[in-house]
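Text of the file upload_16.txt, holding compact mmCIF, C-alpha atoms and all ligand atoms:
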```
# COMPACT_ATOMS: atom_id res chain seq x y z
CA MET J 1 -18.19 -0.73 14.19
CA LYS J 2 -20.94 0.16 11.75
CA PHE J 3 -21.16 -0.96 8.14
CA ILE J 4 -22.73 0.71 5.13
CA ARG J 5 -25.87 -1.38 5.44
CA ASP J 6 -26.54 0.43 8.72
CA PHE J 7 -27.19 3.79 7.04
CA ASN J 8 -29.69 5.41 4.75
CA PHE J 9 -27.64 7.40 2.25
CA GLU J 10 -30.42 8.83 0.13
CA HIS J 11 -29.59 12.40 -0.91
CA LYS J 12 -26.84 12.51 1.71
CA ARG J 13 -23.39 13.95 1.08
CA VAL J 14 -21.13 11.01 1.84
CA LEU J 15 -17.38 11.50 2.34
CA VAL J 16 -15.66 8.31 1.26
CA ARG J 17 -11.96 7.88 2.04
CA VAL J 18 -10.51 5.58 -0.61
CA ASP J 19 -7.00 4.33 -1.35
CA PHE J 20 -6.32 5.20 -4.99
CA ASN J 21 -2.55 5.16 -4.40
CA VAL J 22 -1.76 3.42 -7.66
CA PRO J 23 1.89 2.60 -8.33
CA LEU J 24 4.09 5.55 -9.20
CA TRP J 25 5.62 3.73 -12.13
CA LEU J 26 2.79 4.91 -14.31
CA GLY J 27 3.58 6.74 -17.45
CA LYS J 28 4.54 3.68 -19.42
CA ASN J 29 1.77 4.90 -21.69
CA GLY J 30 0.82 8.10 -19.88
CA ASP J 31 -2.36 6.58 -18.44
CA ILE J 32 -3.36 4.29 -15.62
CA ASP J 33 -3.87 0.95 -17.32
CA ASN J 34 -5.50 -2.28 -16.24
CA GLU J 35 -2.29 -3.51 -14.61
CA GLU J 36 -2.23 -0.51 -12.34
CA ASP J 37 -5.86 0.18 -11.52
CA TRP J 38 -6.66 -2.72 -9.19
CA ARG J 39 -6.80 -0.48 -6.12
CA ILE J 40 -9.37 1.71 -7.89
CA GLU J 41 -11.31 -1.36 -9.00
CA ALA J 42 -11.40 -2.67 -5.45
CA THR J 43 -13.45 0.33 -4.30
CA LEU J 44 -16.10 -0.01 -7.01
CA PRO J 45 -18.47 -2.15 -4.90
CA THR J 46 -18.75 0.63 -2.32
CA ILE J 47 -19.10 3.38 -4.91
CA ASN J 48 -21.73 1.42 -6.82
CA TYR J 49 -23.63 0.63 -3.63
CA LEU J 50 -23.71 4.32 -2.72
CA LEU J 51 -24.84 5.19 -6.25
CA GLU J 52 -27.72 2.73 -5.96
CA GLN J 53 -28.59 4.32 -2.64
CA LYS J 54 -28.80 7.74 -4.38
CA ALA J 55 -26.00 9.26 -2.34
CA LYS J 56 -23.88 12.28 -3.29
CA ILE J 57 -20.43 10.77 -3.26
CA ILE J 58 -17.36 12.83 -2.31
CA LEU J 59 -14.15 10.82 -2.70
CA ILE J 60 -11.05 11.64 -0.66
CA ALA J 61 -7.77 10.11 -1.83
CA HIS J 62 -4.02 10.53 -1.71
CA PHE J 63 -1.37 9.81 -4.28
CA GLY J 64 2.33 9.36 -3.52
CA ARG J 65 4.12 11.35 -0.84
CA PRO J 66 4.02 15.05 -1.85
CA ASN J 67 5.05 16.09 1.69
CA GLY J 68 2.38 18.71 2.21
CA LYS J 69 3.06 20.63 -1.00
CA ILE J 70 1.38 20.79 -4.40
CA VAL J 71 3.27 18.49 -6.74
CA GLU J 72 1.89 18.81 -10.26
CA ASN J 73 2.48 15.21 -11.35
CA LEU J 74 0.80 13.93 -8.20
CA ARG J 75 -2.57 15.46 -9.05
CA LEU J 76 -5.47 13.01 -9.35
CA ASP J 77 -6.46 13.73 -12.94
CA LEU J 78 -5.29 10.37 -14.26
CA VAL J 79 -7.11 8.62 -11.43
CA LYS J 80 -10.28 10.52 -12.34
CA LYS J 81 -9.95 9.44 -15.96
CA ARG J 82 -9.55 5.78 -15.00
CA LEU J 83 -12.40 5.91 -12.49
CA GLU J 84 -14.72 7.40 -15.12
CA LYS J 85 -13.83 4.58 -17.45
CA LEU J 86 -14.41 1.89 -14.82
CA LEU J 87 -17.72 3.37 -13.68
CA ALA J 88 -18.82 4.40 -17.16
CA ARG J 89 -20.04 7.72 -15.80
CA PRO J 90 -18.61 11.19 -15.25
CA VAL J 91 -16.61 12.12 -12.17
CA ILE J 92 -16.17 15.76 -11.19
CA LYS J 93 -12.55 16.24 -10.15
CA LEU J 94 -11.76 19.37 -8.13
CA ASN J 95 -8.37 21.05 -7.84
CA ASP J 96 -8.52 21.41 -4.06
CA CYS J 97 -9.91 19.60 -1.01
CA ILE J 98 -11.29 22.46 1.08
CA GLY J 99 -12.26 26.10 0.62
CA GLU J 100 -14.97 28.19 -0.99
CA GLU J 101 -14.77 26.78 -4.51
CA VAL J 102 -14.99 23.21 -3.20
CA GLU J 103 -17.98 24.12 -1.00
CA LYS J 104 -19.70 25.74 -3.95
CA GLN J 105 -19.25 22.70 -6.18
CA ILE J 106 -20.41 20.33 -3.47
CA GLY J 107 -23.41 22.56 -2.78
CA ASN J 108 -24.46 21.99 -6.39
CA MET J 109 -24.28 18.19 -6.24
CA GLN J 110 -27.27 16.03 -7.15
CA ALA J 111 -27.93 12.49 -5.95
CA GLY J 112 -25.73 10.14 -7.97
CA ASP J 113 -23.00 12.73 -8.57
CA ILE J 114 -19.42 11.79 -7.81
CA VAL J 115 -16.84 14.38 -6.79
CA LEU J 116 -13.15 13.52 -6.42
CA LEU J 117 -11.20 15.93 -4.22
CA GLU J 118 -7.57 16.75 -5.09
CA ASN J 119 -4.70 14.77 -3.53
CA ILE J 120 -5.30 15.24 0.18
CA ARG J 121 -1.58 15.04 0.94
CA PHE J 122 -1.01 18.42 -0.73
CA TYR J 123 -1.99 19.70 2.73
CA PRO J 124 0.54 19.09 5.53
CA GLU J 125 -2.48 19.10 7.86
CA GLU J 126 -3.46 15.68 6.50
CA LYS J 127 -0.37 13.92 7.79
CA ASN J 128 -0.32 15.99 10.99
CA ASN J 129 -3.92 15.02 11.67
CA ASP J 130 -4.80 18.68 12.17
CA SER J 131 -8.20 18.92 13.83
CA ASP J 132 -9.25 22.19 12.12
CA PHE J 133 -8.48 20.62 8.78
CA ALA J 134 -10.47 17.51 9.65
CA LYS J 135 -13.36 19.73 10.76
CA GLN J 136 -13.29 21.67 7.48
CA LEU J 137 -13.39 18.40 5.56
CA ALA J 138 -16.15 17.05 7.78
CA ASP J 139 -18.27 20.13 7.04
CA LEU J 140 -18.38 19.05 3.39
CA GLY J 141 -20.34 15.89 4.17
CA GLU J 142 -22.94 14.28 6.38
CA ILE J 143 -21.67 10.70 6.70
CA TYR J 144 -18.10 9.34 6.60
CA VAL J 145 -17.21 5.99 5.05
CA ASN J 146 -13.70 4.54 5.36
CA ASP J 147 -12.99 2.23 2.44
CA ALA J 148 -9.23 2.87 2.43
CA PHE J 149 -7.93 -0.28 4.06
CA GLY J 150 -4.49 0.35 2.52
CA THR J 151 -4.17 3.67 4.35
CA SER J 152 -5.81 2.68 7.63
CA HIS J 153 -2.43 2.24 9.34
CA ARG J 154 -1.86 6.00 8.96
CA ALA J 155 -3.12 8.27 11.75
CA HIS J 156 -3.96 11.03 9.28
CA ALA J 157 -6.74 13.64 9.32
CA SER J 158 -8.89 11.98 6.65
CA ILE J 159 -8.47 8.59 8.33
CA ILE J 160 -8.79 9.23 12.07
CA GLY J 161 -9.74 12.92 12.29
CA LEU J 162 -12.87 12.84 10.14
CA PRO J 163 -14.78 10.09 11.96
CA LYS J 164 -14.62 12.19 15.14
CA TYR J 165 -16.98 14.69 13.53
CA LEU J 166 -19.38 12.55 11.50
CA PRO J 167 -21.51 9.42 11.79
CA ASN J 168 -19.21 6.82 10.28
CA CYS J 169 -18.81 3.27 9.05
CA ALA J 170 -16.58 0.85 7.17
CA GLY J 171 -17.03 0.48 3.42
CA LEU J 172 -17.39 -2.87 1.67
CA LEU J 173 -13.69 -3.18 0.85
CA LEU J 174 -12.58 -2.40 4.39
CA GLU J 175 -15.12 -4.90 5.68
CA LYS J 176 -13.90 -7.60 3.28
CA GLU J 177 -10.23 -7.06 4.17
CA ILE J 178 -10.96 -7.26 7.90
CA LYS J 179 -12.93 -10.47 7.47
CA PHE J 180 -10.35 -12.13 5.26
CA LEU J 181 -7.22 -11.14 7.10
CA SER J 182 -8.80 -12.03 10.46
CA LYS J 183 -9.25 -15.56 9.14
CA ILE J 184 -5.53 -15.77 8.41
CA LEU J 185 -4.72 -14.52 11.90
CA GLU J 186 -7.00 -17.02 13.53
CA LYS J 187 -6.10 -20.04 11.42
CA THR J 188 -2.36 -19.71 10.89
CA GLU J 189 -0.80 -22.73 9.21
CA HIS J 190 2.86 -23.70 9.53
CA PRO J 191 5.41 -23.36 8.11
CA LEU J 192 4.41 -19.71 7.79
CA VAL J 193 6.82 -17.81 5.56
CA VAL J 194 6.68 -14.01 5.61
CA ILE J 195 8.50 -12.10 2.88
CA VAL J 196 9.10 -8.40 3.38
CA GLY J 197 10.78 -6.22 0.79
CA GLY J 198 10.30 -2.73 -0.53
CA ALA J 199 11.40 0.69 0.37
CA LYS J 200 11.49 1.55 4.03
CA ILE J 201 12.52 -0.38 7.09
CA SER J 202 11.16 2.40 9.31
CA THR J 203 7.55 1.57 8.37
CA LYS J 204 8.06 -2.19 8.52
CA ILE J 205 10.45 -2.82 11.43
CA LYS J 206 7.67 -3.35 13.94
CA PHE J 207 6.10 -6.06 11.80
CA ILE J 208 9.46 -7.66 11.24
CA LYS J 209 9.88 -7.86 15.02
CA ASN J 210 6.39 -9.28 15.46
CA PHE J 211 6.81 -11.85 12.73
CA LEU J 212 10.10 -13.02 14.19
CA ASP J 213 7.91 -14.63 16.84
CA LYS J 214 5.00 -15.75 14.66
CA ALA J 215 6.58 -16.86 11.40
CA ASP J 216 8.75 -19.90 10.82
CA ASN J 217 10.84 -18.01 8.29
CA LEU J 218 11.18 -14.32 7.60
CA LEU J 219 12.72 -13.38 4.24
CA LEU J 220 13.93 -9.79 3.96
CA ALA J 221 15.03 -8.06 0.79
CA GLY J 222 14.67 -4.83 -1.21
CA ALA J 223 15.95 -1.47 -0.08
CA LEU J 224 14.95 -2.21 3.50
CA ALA J 225 17.39 -5.12 3.61
CA ASN J 226 20.17 -2.67 2.74
CA THR J 227 19.77 -1.18 6.19
CA ILE J 228 20.02 -4.68 7.65
CA ILE J 229 23.09 -5.51 5.60
CA SER J 230 24.62 -2.24 6.76
CA ALA J 231 23.66 -2.95 10.39
CA LYS J 232 25.47 -6.27 10.05
CA GLY J 233 28.62 -4.27 9.34
CA PHE J 234 28.87 -4.68 5.55
CA ASN J 235 29.57 -1.86 3.14
CA ILE J 236 26.49 -1.03 1.02
CA GLY J 237 28.07 1.68 -1.14
CA LYS J 238 25.50 4.15 -2.51
CA SER J 239 22.50 1.87 -1.93
CA VAL J 240 19.16 3.32 -0.86
CA THR J 241 19.02 3.00 2.93
CA GLU J 242 17.76 4.74 6.05
CA GLU J 243 20.87 5.51 8.03
CA GLU J 244 18.90 6.86 10.95
CA MET J 245 17.39 3.37 11.31
CA ILE J 246 20.68 1.49 11.71
CA GLU J 247 20.75 1.61 15.52
CA GLU J 248 17.12 0.45 15.69
CA THR J 249 17.84 -2.31 13.18
CA LYS J 250 20.81 -3.54 15.22
CA LYS J 251 18.38 -4.23 18.06
CA LEU J 252 16.68 -6.88 15.92
CA ASP J 253 17.98 -10.36 16.57
CA LEU J 254 19.94 -10.37 13.31
CA ASP J 255 21.46 -13.80 14.01
CA ASN J 256 18.07 -15.43 14.53
CA PRO J 257 18.07 -18.48 12.21
CA LYS J 258 14.51 -17.67 11.11
CA LEU J 259 15.63 -14.36 9.65
CA HIS J 260 17.05 -14.50 6.14
CA ALA J 261 18.61 -11.44 4.51
CA PRO J 262 20.21 -11.53 1.05
CA VAL J 263 23.51 -13.39 0.77
CA ASP J 264 24.25 -12.05 -2.70
CA VAL J 265 22.94 -9.07 -4.64
CA ALA J 266 22.84 -7.42 -8.07
CA VAL J 267 24.78 -4.15 -8.02
CA SER J 268 25.47 -1.31 -10.42
CA VAL J 269 26.97 2.18 -10.19
CA ASP J 270 23.58 3.75 -10.90
CA SER J 271 19.96 2.71 -10.98
CA SER J 272 19.19 3.51 -14.62
CA GLY J 273 19.61 -0.08 -15.79
CA LYS J 274 21.69 1.26 -18.68
CA THR J 275 25.09 0.79 -17.07
CA SER J 276 26.55 -2.65 -16.54
CA SER J 277 25.64 -4.59 -13.43
CA ARG J 278 27.21 -7.54 -11.66
CA ILE J 279 26.37 -10.09 -8.97
CA SER J 280 28.22 -9.57 -5.72
CA LEU J 281 28.44 -11.27 -2.36
CA ILE J 282 27.12 -8.87 0.28
CA SER J 283 30.66 -8.72 1.66
CA ASN J 284 32.01 -7.35 -1.61
CA VAL J 285 29.89 -4.32 -2.59
CA LYS J 286 32.09 -1.42 -3.75
CA LYS J 287 31.92 2.18 -2.52
CA ASP J 288 30.43 3.51 -5.76
CA GLU J 289 27.89 0.69 -6.26
CA MET J 290 24.21 0.35 -5.35
CA ILE J 291 22.37 -2.82 -4.38
CA LEU J 292 19.39 -3.09 -6.73
CA ASP J 293 18.16 -6.68 -6.55
CA ILE J 294 18.79 -10.00 -4.82
CA GLY J 295 21.31 -12.36 -6.42
CA PRO J 296 20.91 -15.97 -7.69
CA ASP J 297 21.98 -17.68 -4.45
CA THR J 298 19.47 -15.62 -2.49
CA ILE J 299 16.77 -16.45 -5.05
CA LYS J 300 17.60 -20.16 -4.61
CA LEU J 301 17.52 -19.91 -0.83
CA PHE J 302 14.25 -17.94 -0.78
CA THR J 303 12.43 -20.11 -3.34
CA ARG J 304 13.41 -23.28 -1.47
CA ILE J 305 11.98 -21.89 1.76
CA ILE J 306 8.82 -20.74 -0.05
CA SER J 307 8.31 -24.16 -1.64
CA GLN J 308 8.04 -25.72 1.84
CA ALA J 309 5.53 -23.21 3.20
CA LYS J 310 1.90 -23.94 4.05
CA MET J 311 1.15 -20.25 4.32
CA VAL J 312 2.93 -17.35 2.62
CA VAL J 313 2.57 -13.62 3.24
CA TRP J 314 4.35 -11.23 0.87
CA ASN J 315 4.71 -7.47 0.77
CA GLY J 316 7.34 -5.38 -0.95
CA PRO J 317 9.55 -5.98 -4.00
CA MET J 318 12.91 -7.73 -3.77
CA GLY J 319 14.57 -5.00 -5.81
CA LEU J 320 14.09 -1.97 -8.01
CA LEU J 321 11.39 -3.59 -10.10
CA GLU J 322 10.65 -0.46 -12.10
CA VAL J 323 13.80 -1.36 -14.03
CA GLU J 324 13.30 -4.67 -15.78
CA LYS J 325 16.86 -5.84 -15.19
CA PHE J 326 16.40 -5.50 -11.44
CA SER J 327 12.97 -7.14 -11.33
CA LEU J 328 14.34 -10.67 -11.68
CA GLY J 329 14.38 -11.39 -7.94
CA SER J 330 10.77 -10.23 -7.52
CA ARG J 331 9.73 -12.26 -10.57
CA GLU J 332 11.27 -15.48 -9.25
CA ILE J 333 9.72 -14.96 -5.81
CA ALA J 334 6.31 -14.26 -7.40
CA HIS J 335 6.48 -17.49 -9.42
CA ALA J 336 7.59 -19.49 -6.38
CA ILE J 337 4.58 -18.25 -4.41
CA ALA J 338 2.24 -18.87 -7.34
CA LYS J 339 3.50 -22.45 -7.60
CA ASN J 340 3.01 -23.16 -3.91
CA PRO J 341 -0.38 -24.87 -3.45
CA GLY J 342 -0.71 -23.57 0.12
CA PHE J 343 -2.44 -20.43 1.29
CA SER J 344 -0.97 -17.15 0.08
CA THR J 345 -1.70 -13.50 0.64
CA VAL J 346 0.05 -10.65 -1.11
CA GLY J 347 -0.39 -6.94 -0.50
CA GLY J 348 1.14 -3.61 -1.38
CA GLY J 349 0.65 -1.16 -4.24
CA ASP J 350 3.84 -2.01 -6.07
CA THR J 351 3.87 -5.71 -5.26
CA VAL J 352 0.34 -6.42 -6.44
CA ALA J 353 0.70 -4.33 -9.59
CA PHE J 354 3.77 -6.39 -10.40
CA LEU J 355 1.86 -9.65 -9.90
CA GLU J 356 -0.83 -8.34 -12.18
CA GLU J 357 1.79 -7.56 -14.81
CA LEU J 358 3.01 -11.15 -14.52
CA GLY J 359 -0.55 -12.44 -14.81
CA LEU J 360 -0.32 -14.28 -11.50
CA LEU J 361 -3.10 -12.63 -9.50
CA ASP J 362 -5.41 -15.63 -9.74
CA LYS J 363 -2.70 -17.90 -8.30
CA ILE J 364 -2.81 -16.03 -4.99
CA THR J 365 -5.42 -16.90 -2.38
CA HIS J 366 -6.05 -13.35 -1.18
CA ILE J 367 -4.86 -10.11 -2.76
CA SER J 368 -4.90 -7.38 -0.15
CA THR J 369 -5.10 -3.70 -1.05
CA GLY J 370 -2.89 -2.99 1.95
CA GLY J 371 0.89 -3.03 2.04
CA GLY J 372 1.97 -1.66 5.41
CA ALA J 373 -1.65 -1.91 6.54
CA MET J 374 -1.82 -5.63 5.75
CA LEU J 375 1.44 -6.34 7.58
CA LYS J 376 0.33 -4.38 10.60
CA PHE J 377 -3.02 -6.15 10.70
CA LEU J 378 -1.44 -9.58 10.30
CA ALA J 379 1.04 -8.81 13.06
CA GLY J 380 -2.00 -8.48 15.31
CA GLU J 381 -1.71 -4.74 15.76
CA LYS J 382 -4.62 -2.37 15.77
CA LEU J 383 -5.00 -0.06 12.78
CA PRO J 384 -5.76 3.56 13.77
CA GLY J 385 -8.25 3.94 10.93
CA ILE J 386 -10.28 0.93 12.09
CA GLU J 387 -10.04 1.94 15.74
CA ALA J 388 -11.32 5.41 14.84
CA LEU J 389 -14.62 4.09 13.50
CA GLU J 390 -17.45 4.08 16.00
P1 LIG I 1 4.57 -1.93 -1.76
O1 LIG I 1 4.04 -0.76 -2.54
O2 LIG I 1 4.37 -3.21 -2.50
O3 LIG I 1 4.05 -1.95 -0.35
P2 LIG I 1 6.97 -0.49 -1.06
O4 LIG I 1 6.25 0.78 -1.40
O5 LIG I 1 7.37 -0.72 0.34
O6 LIG I 1 6.16 -1.75 -1.62
O7 LIG I 1 8.32 -0.56 -1.91
C1 LIG I 1 8.36 -0.49 -3.30
C2 LIG I 1 9.53 0.30 -3.78
O8 LIG I 1 10.75 -0.20 -3.24
C3 LIG I 1 9.64 0.20 -5.28
O9 LIG I 1 9.58 1.52 -5.80
C4 LIG I 1 11.03 -0.42 -5.48
O10 LIG I 1 11.71 0.07 -6.57
C5 LIG I 1 11.74 -0.01 -4.22
N1 LIG I 1 12.94 -0.84 -3.99
C6 LIG I 1 12.99 -2.13 -3.67
N2 LIG I 1 14.28 -2.55 -3.59
C7 LIG I 1 15.05 -1.49 -3.88
C8 LIG I 1 16.46 -1.28 -3.95
N3 LIG I 1 17.34 -2.26 -3.72
N4 LIG I 1 16.90 -0.04 -4.25
C9 LIG I 1 16.00 0.96 -4.47
N5 LIG I 1 14.66 0.82 -4.42
C10 LIG I 1 14.20 -0.38 -4.13
C1 LIG I 2 0.12 2.39 0.47
O1 LIG I 2 0.41 2.58 -0.72
O2 LIG I 2 0.59 1.47 1.16
C2 LIG I 2 -0.92 3.27 1.08
O3 LIG I 2 -1.63 3.99 0.09
C3 LIG I 2 -0.31 4.20 2.10
O4 LIG I 2 0.64 5.01 1.48
P1 LIG I 2 1.86 5.56 2.33
O5 LIG I 2 2.77 4.39 2.62
O6 LIG I 2 2.52 6.61 1.47
O7 LIG I 2 1.31 6.13 3.61
MG MG I 3 4.51 1.33 -2.48
```

For the file at hand, write its structure as structure tokens.
Amino acid sequence: MKFIRDFNFEHKRVLVRVDFNVPLWLGKNGDIDNEEDWRIEATLPTINYLLEQKAKIILIAHFGRPNGKIVENLRLDLVKKRLEKLLARPVIKLNDCIGEEVEKQIGNMQAGDIVLLENIRFYPEEKNNDSDFAKQLADLGEIYVNDAFGTSHRAHASIIGLPKYLPNCAGLLLEKEIKFLSKILEKTEHPLVVIVGGAKISTKIKFIKNFLDKADNLLLAGALANTIISAKGFNIGKSVTEEEMIEETKKLDLDNPKLHAPVDVAVSVDSSGKTSSRISLISNVKKDEMILDIGPDTIKLFTRIISQAKMVVWNGPMGLLEVEKFSLGSREIAHAIAKNPGFSTVGGGDTVAFLEELGLLDKITHISTGGGAMLKFLAGEKLPGIEALE
């Protein structure tokens, strides 16, 4: 693989894939603030390096999951505003990623200019890794830099399609993540405790399987644990789940003593946080209720296991942390990890933003910009985006 030191970027149009997928719970004050911008900050070394090298920088990014359609509130204007502030220089944000207008604007670029293309996921071709789309993007630049570690587990056009058409290399952030996470892989300390929460079991089930071998304890919570609770035969009411994943989940060794799912949960009839909630055993969730956080016994169990760990890996919230009432489980887990003097690594857009909000970032050994990407890497799997680089 090549690195950015291997190229001369002077006056070159450089396509840089970045991960600016800041948490979707913005809007607290209508702007991206310093609790939410850490993924943008993490790419500054590469952007600044390219500026020093007098490159013409064209940034490619995604935001949320618009499913191949234009979604107005998933445009990158707020990201542009924050980036301008962090760089203290103007960024030209375009309203599209390909086409005549984009070509015209890029044709006018001077060395040191920065263009941010619109949310690449407005095109279904991105996710489908459409080769014509990748070619059209490639025609905009002369060199491709992947600095989007957090998206490198996705076999998308801007991640694996683009490097087929252009000389390419890893950016400084991607390089740093690979170096750091490789160290963890090579020097695993035990007990290793892996905590996986968050939204979807479908994206994380492979890592859960892998870590069942590698880790000494695997703590599962969040919406993805709902599918596990359901696969165990309990009623989960109206909880967020992926029903189509139940059969697959049943194939996990759910009775493995290393695997810990919630034993009690916080439930409510809706997720607003405005209606009353209660703590329930997982065997006692009612038809009209939703599981929204882990309960006190689960917190006790998890924090005890964490306190004994030599190495902790965490990705994904324990509950619906956007609603303060249901962020208690995540908060307790975050503090337990922060208190543990051993080695810790935490990744994931929502998880890291939450740690930042709690002011605990400096208590964690390594903050990774990857969520799914970090888990996949640490499970020893190859990331398509890294494989795709020369
Ligand atoms: P990360 O961004 O840290 O990788 P994910 O994107 O996988 O984490 O998951 C974060 C999302 O999961 C958050 O929006 C959170 O509200 C949601 N979530 C976690 N637990 C629940 C739950 N019990 N019900 C609904 N949503 C949940
Ligand atoms: C992330 O937030 O983990 C990355 O930006 C990838 O986003 P995705 O899970 O929507 O593909
Ligand atoms: Mg997320």

Using 9 Å as the limit and counting only C-alpha atoms and all ligand atoms, can you tabulate each residue of chain J that touches ligand LIG 1 (chain I), with its shortest atom-to-atom distance in Å and the two atoms involved, as a Markdown table?
```
| residue | atom | partner | partner_atom | distance |
| --- | --- | --- | --- | --- |
| J:Val22 | CA | I:LIG1 | O1 | 8.8 |
| J:Pro23 | CA | I:LIG1 | O1 | 7.0 |
| J:Leu24 | CA | I:LIG1 | O9 | 7.6 |
| J:Trp25 | CA | I:LIG1 | O9 | 7.8 |
| J:Val196 | CA | I:LIG1 | O5 | 8.4 |
| J:Gly197 | CA | I:LIG1 | C6 | 6.4 |
| J:Gly198 | CA | I:LIG1 | O7 | 3.2 |
| J:Ala199 | CA | I:LIG1 | O8 | 3.8 |
| J:Lys200 | CA | I:LIG1 | O5 | 6.0 |
| J:Ile201 | CA | I:LIG1 | O5 | 8.5 |
| J:Thr203 | CA | I:LIG1 | O5 | 8.4 |
| J:Lys204 | CA | I:LIG1 | O5 | 8.3 |
| J:Ala221 | CA | I:LIG1 | N2 | 7.1 |
| J:Gly222 | CA | I:LIG1 | N2 | 3.3 |
| J:Ala223 | CA | I:LIG1 | C7 | 3.9 |
| J:Leu224 | CA | I:LIG1 | N2 | 7.1 |
| J:Ala225 | CA | I:LIG1 | N3 | 7.9 |
| J:Asn226 | CA | I:LIG1 | N3 | 7.1 |
| J:Ser239 | CA | I:LIG1 | N4 | 6.4 |
| J:Val240 | CA | I:LIG1 | N4 | 5.3 |
| J:Thr241 | CA | I:LIG1 | N4 | 8.1 |
| J:Val265 | CA | I:LIG1 | N3 | 8.9 |
| J:Ala266 | CA | I:LIG1 | N3 | 8.7 |
| J:Val267 | CA | I:LIG1 | N3 | 8.8 |
| J:Ser271 | CA | I:LIG1 | C9 | 7.8 |
| J:Met290 | CA | I:LIG1 | N4 | 7.4 |
| J:Ile291 | CA | I:LIG1 | N3 | 5.1 |
| J:Leu292 | CA | I:LIG1 | N3 | 3.7 |
| J:Asp293 | CA | I:LIG1 | N3 | 5.3 |
| J:Ile294 | CA | I:LIG1 | N3 | 8.0 |
| J:Trp314 | CA | I:LIG1 | O2 | 8.7 |
| J:Asn315 | CA | I:LIG1 | O2 | 5.4 |
| J:Gly316 | CA | I:LIG1 | O6 | 3.9 |
| J:Pro317 | CA | I:LIG1 | C6 | 5.2 |
| J:Met318 | CA | I:LIG1 | N2 | 5.4 |
| J:Gly319 | CA | I:LIG1 | N2 | 3.3 |
| J:Leu320 | CA | I:LIG1 | O10 | 3.4 |
| J:Leu321 | CA | I:LIG1 | O10 | 5.1 |
| J:Glu322 | CA | I:LIG1 | O10 | 5.7 |
| J:Val323 | CA | I:LIG1 | O10 | 7.9 |
| J:Phe326 | CA | I:LIG1 | N3 | 8.4 |
| J:Ser327 | CA | I:LIG1 | O10 | 8.7 |
| J:Val346 | CA | I:LIG1 | O2 | 8.7 |
| J:Gly347 | CA | I:LIG1 | O2 | 6.4 |
| J:Gly348 | CA | I:LIG1 | O2 | 3.4 |
| J:Gly349 | CA | I:LIG1 | O1 | 3.8 |
| J:Asp350 | CA | I:LIG1 | O1 | 3.8 |
| J:Thr351 | CA | I:LIG1 | O2 | 3.8 |
| J:Val352 | CA | I:LIG1 | O2 | 6.5 |
| J:Ala353 | CA | I:LIG1 | O2 | 8.1 |
| J:Phe354 | CA | I:LIG1 | O2 | 8.5 |
| J:Gly370 | CA | I:LIG1 | O3 | 7.4 |
| J:Gly371 | CA | I:LIG1 | O3 | 4.1 |
| J:Gly372 | CA | I:LIG1 | O3 | 6.1 |
| J:Ala373 | CA | I:LIG1 | O3 | 8.9 |
```

Put a box with edges along x, y and z around all the listed atoms of ligand LIG 2 (chain I), pad it by 8 Å on each side, then give me its centre and sizes in Å, one decimal, as JSON.
```
{"center_x": 0.6, "center_y": 4.0, "center_z": 1.4, "size_x": 20.4, "size_y": 21.1, "size_z": 20.3}
```

- [ ] In Å, rounded to a single decimal, give me how far CA of Asn21 in chain J is from CA of Asp77 in chain J.
- [x] 12.7 Å

Open item on the list: Using all atoms listed in the file, can you tell me which of J:Thr369, J:Gly342, J:Asp96, J:Thr227 comes closest to ligand MG 3 (chain I)?
Closed with: J:Thr369

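The nearest approach to ligand LIG 2 (chain I) among the residues J:Gly64, J:Gly141, J:Gly295, J:Gly30, with only C-alpha atoms and all ligand atoms taken into account, belongs to J:Gly64.
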
Task: Expected residue set, 10 Å radius at (5.7, -10.3, 13.1), all atoms listed in the file, as number ranges by chain - done: J: 194, 204-215, 218, 375-381

- [ ] Grab the CA of Arg278 in chain J to CA of Ser307 in chain J distance for me, in Å with one decimal place.
- [x] 27.1 Å

Counting only C-alpha atoms, which residues sit no farther than 10 Å from the position (-28.4, 8.6, -2.2) in the file's frame? I'd like them as a PDB file with C-alpha atoms, in the coordinates of the input.
```
ATOM      1  CA  ASN J   8     -29.690   5.410   4.750  1.00  0.00           C
ATOM      2  CA  PHE J   9     -27.640   7.400   2.250  1.00  0.00           C
ATOM      3  CA  GLU J  10     -30.420   8.830   0.130  1.00  0.00           C
ATOM      4  CA  HIS J  11     -29.590  12.400  -0.910  1.00  0.00           C
ATOM      5  CA  LYS J  12     -26.840  12.510   1.710  1.00  0.00           C
ATOM      6  CA  ARG J  13     -23.390  13.950   1.080  1.00  0.00           C
ATOM      7  CA  VAL J  14     -21.130  11.010   1.840  1.00  0.00           C
ATOM      8  CA  TYR J  49     -23.630   0.630  -3.630  1.00  0.00           C
ATOM      9  CA  LEU J  50     -23.710   4.320  -2.720  1.00  0.00           C
ATOM     10  CA  LEU J  51     -24.840   5.190  -6.250  1.00  0.00           C
ATOM     11  CA  GLU J  52     -27.720   2.730  -5.960  1.00  0.00           C
ATOM     12  CA  GLN J  53     -28.590   4.320  -2.640  1.00  0.00           C
ATOM     13  CA  LYS J  54     -28.800   7.740  -4.380  1.00  0.00           C
ATOM     14  CA  ALA J  55     -26.000   9.260  -2.340  1.00  0.00           C
ATOM     15  CA  LYS J  56     -23.880  12.280  -3.290  1.00  0.00           C
ATOM     16  CA  ILE J  57     -20.430  10.770  -3.260  1.00  0.00           C
ATOM     17  CA  GLN J 110     -27.270  16.030  -7.150  1.00  0.00           C
ATOM     18  CA  ALA J 111     -27.930  12.490  -5.950  1.00  0.00           C
ATOM     19  CA  GLY J 112     -25.730  10.140  -7.970  1.00  0.00           C
ATOM     20  CA  ASP J 113     -23.000  12.730  -8.570  1.00  0.00           C
TER      21      ASP J 113
END
```
